[in-house]
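See below for the structure under consideration.
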Amino acid sequence: MSKLFEPYTLQSITLKNRVVMAPMCMYSAQDDGMVTPFHFVHYATRAAGQVGLIILEATGVVPEGRISNKDLGIWDDAHIEGLSQLVEGMKAYGAKTGIQLAHAGRKATVDGEIFAPSAIAFSSDYKTPTEMTEEDIHYVIEAFKQAAIRAAKAGFDVLEIHGAHGYLISEFLSPATNKRQDQYGGSQENRYRILRQVIDAVRSVWDGPLLVRVSAEDYAEDGTTMDDFIVFSRWMKSQGVDLVDVSTGGVVPAAINVFPGYQVPHAEAIKHGADLPTGAVGLITTAIQAEEILQNNRADLIFLARVLLRDPYWALHAAKELGEDVQPPVQYVRGW
Ligand SMILES: Cc1cc2nc3c(=O)[nH]c(=O)nc-3n(C[C@H](O)[C@H](O)[C@H](O)COP(=O)(O)O)c2cc1C
């Protein structure tokens, strides 16, 4: 029996397999953050392809926190209806559903003022953000909480807080981007404070599985390393986070040496260092590779991004390769 197709219990829910669709911005929403027909095709197709858990793309908790003005939104109750229809479309094929709650911080490219822990632009191609006041910080924490309430109403099984890739929370975590002198900057504990408060706020309204995506390495001299994230992950565990989705980079412009499974050691270090389940992501493209990671206990779930854009039926192909009897939707049985 392969591990990839063994069910996995994530807190109160059970995934039918360990294949997860990683969040991927599709930049296809309406300017007001509403879902469009594209999203229904895109997400339901991966569900038909037997992905166990589908995590919706980075979805803005406030309009000024979108990466672009084509991001999905969850800052208004008006977003709930479209999102709940998306959830229904995925559940019809047995997938569990998640959504990534996001604030882009200084990497927002929307019109108007943008916000970050410190007034430092990502690069000369980006706007310089306004340094957030404590009031701004509390407003964002409340926005994550309200977004979690809306996600619950829309029927999602899983929430993922976007704490990676140099977006707002990640900018607070890293000393390369957080130069604050107040209680939100400086020590590890202070840089973690906003994430601690976001997790507590979300947990106060959300009982279900809670994931946090992190960039466990900045690839920069003045940035964070894996050791920081082992500490942060221990704190996350004590706050009731169920799994850390372990990515790297994106915090400051940096050259990254990318190769198959390049972020797996980070997922492995956090899993064992913090004694918390992890998801591995990054150039995992084959069933054998996924199986190696799981059987060697290096991570608990396999997150796939680009390969699922190329092949929505990746899980069915992987099952064949591993000799597993995974059924496609009844309409497609003759194709397999
Ligand atoms: C088109 C595209 C959009 C992405 N959008 C997001 C996103 O919304 N949130 C996020 O955390 N990562 C995002 N990522 C990163 C992926 O989730 C994933 O971590 C990365 O692509 C590495 O995995 P892969 O080698 O399987 O593609 C995106 C990647 C791609 C290719």
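Simple scheme: letters A, B, ... for chains in structure tokens order, numbers from 1 for residues in each chain, numbers from 1 for ligands in the order shown.
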
Cut-off 7 Å, only C-alpha atoms and all ligand atoms, neighbours of ligand 1 as a ChimeraX atom specification: /A:22-26,57-58,162,164-165,213,247,281-285,303-307

Using 8 Å as the limit and counting only C-alpha atoms, can you tabulate each residue of segment 141-163 of chain A that touches segment 59-81 of chain A, with its shortest atom-to-atom distance in Å and the two atoms involved, as JSON lines?
{"residue": "A:Ala143", "atom": "CA", "partner": "A:Val61", "partner_atom": "CA", "distance": 5.7}
{"residue": "A:Phe144", "atom": "CA", "partner": "A:Val61", "partner_atom": "CA", "distance": 5.9}
{"residue": "A:Gln146", "atom": "CA", "partner": "A:Trp75", "partner_atom": "CA", "distance": 7.6}
{"residue": "A:Ala147", "atom": "CA", "partner": "A:Ile74", "partner_atom": "CA", "distance": 5.7}
{"residue": "A:Arg150", "atom": "CA", "partner": "A:Ile80", "partner_atom": "CA", "distance": 6.1}
{"residue": "A:Ala151", "atom": "CA", "partner": "A:Ile80", "partner_atom": "CA", "distance": 7.3}
{"residue": "A:Lys153", "atom": "CA", "partner": "A:Ile80", "partner_atom": "CA", "distance": 6.9}
{"residue": "A:Ala154", "atom": "CA", "partner": "A:Ile80", "partner_atom": "CA", "distance": 5.4}

Selected residue of minimal separation from Ser84 of chain A among A:Val35, A:Ala201, A:Glu221, A:Gln263, counting only C-alpha atoms: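 So, comparing all the options, the nearest one is A:Val35.
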
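The list of residues with at least one atom within 10 Å of Ile141 of chain A, based on only C-alpha atoms and without residues fewer than 5 positions apart in the same chain, reads Val61, Glu135, Asp136, Gln146, Ala147, Ile194, Leu195, Arg196, Gln197, Val198, Ile199, Asp200, Ala201 and Val202 of chain A.
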
Backbone-only DSSP, alpha helix (DSSP H) members of segment 118-306 of chain A, as a VMD selection string: chain A and resid 134 to 154 168 to 173 188 to 203 226 to 238 264 to 273 287 to 295 306

Which residue of A:Ser2, A:Thr14, A:Thr128, A:Gln183 approaches Pro209 of chain A most closely, using only C-alpha atoms: A:Thr14

Each residue of segment 196-307 of chain A lying at most 10 Å from segment 90-107 of chain A should get a row with its shortest atom-to-atom pair and the distance in Å to one decimal, counting only C-alpha atoms; could you produce that, ordered by chain and increasing number, as a tab-separated table?
residue	atom	partner	partner_atom	distance
A:Pro209	CA	A:Gly98	CA	9.2
A:Leu210	CA	A:Gly98	CA	9.4
A:Leu211	CA	A:Gln100	CA	8.9
A:Val212	CA	A:Gln100	CA	8.8
A:Arg213	CA	A:Gln100	CA	8.7
A:Gly250	CA	A:Lys107	CA	9.9
A:Val251	CA	A:Lys107	CA	9.5

Can I get the selection written as a short mmCIF file (atom, residue, chain, number, x, y, z; two decimals), in the first residue's frame, with N, CA and C atoms?
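Once written, again-v4.cif looks like this:
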data_model
loop_
_atom_site.label_atom_id
_atom_site.label_comp_id
_atom_site.auth_asym_id
_atom_site.auth_seq_id
_atom_site.Cartn_x
_atom_site.Cartn_y
_atom_site.Cartn_z
N PRO A 209 -9.45 22.35 10.94
CA PRO A 209 -8.02 22.29 10.65
C PRO A 209 -7.45 23.65 10.24
N LEU A 210 -6.31 23.98 10.85
CA LEU A 210 -5.68 25.28 10.58
C LEU A 210 -4.23 25.06 10.15
N LEU A 211 -3.91 25.58 8.99
CA LEU A 211 -2.57 25.47 8.43
C LEU A 211 -1.95 26.86 8.35
N VAL A 212 -0.63 26.90 8.43
CA VAL A 212 0.07 28.15 8.18
C VAL A 212 1.15 27.85 7.13
N ARG A 213 1.19 28.68 6.09
CA ARG A 213 2.28 28.54 5.12
C ARG A 213 3.40 29.49 5.50
N GLY A 250 11.16 34.52 -1.35
CA GLY A 250 10.19 35.53 -1.74
C GLY A 250 10.18 36.75 -0.83
N VAL A 251 10.98 36.70 0.24
CA VAL A 251 10.92 37.78 1.22
C VAL A 251 11.73 38.99 0.74
#
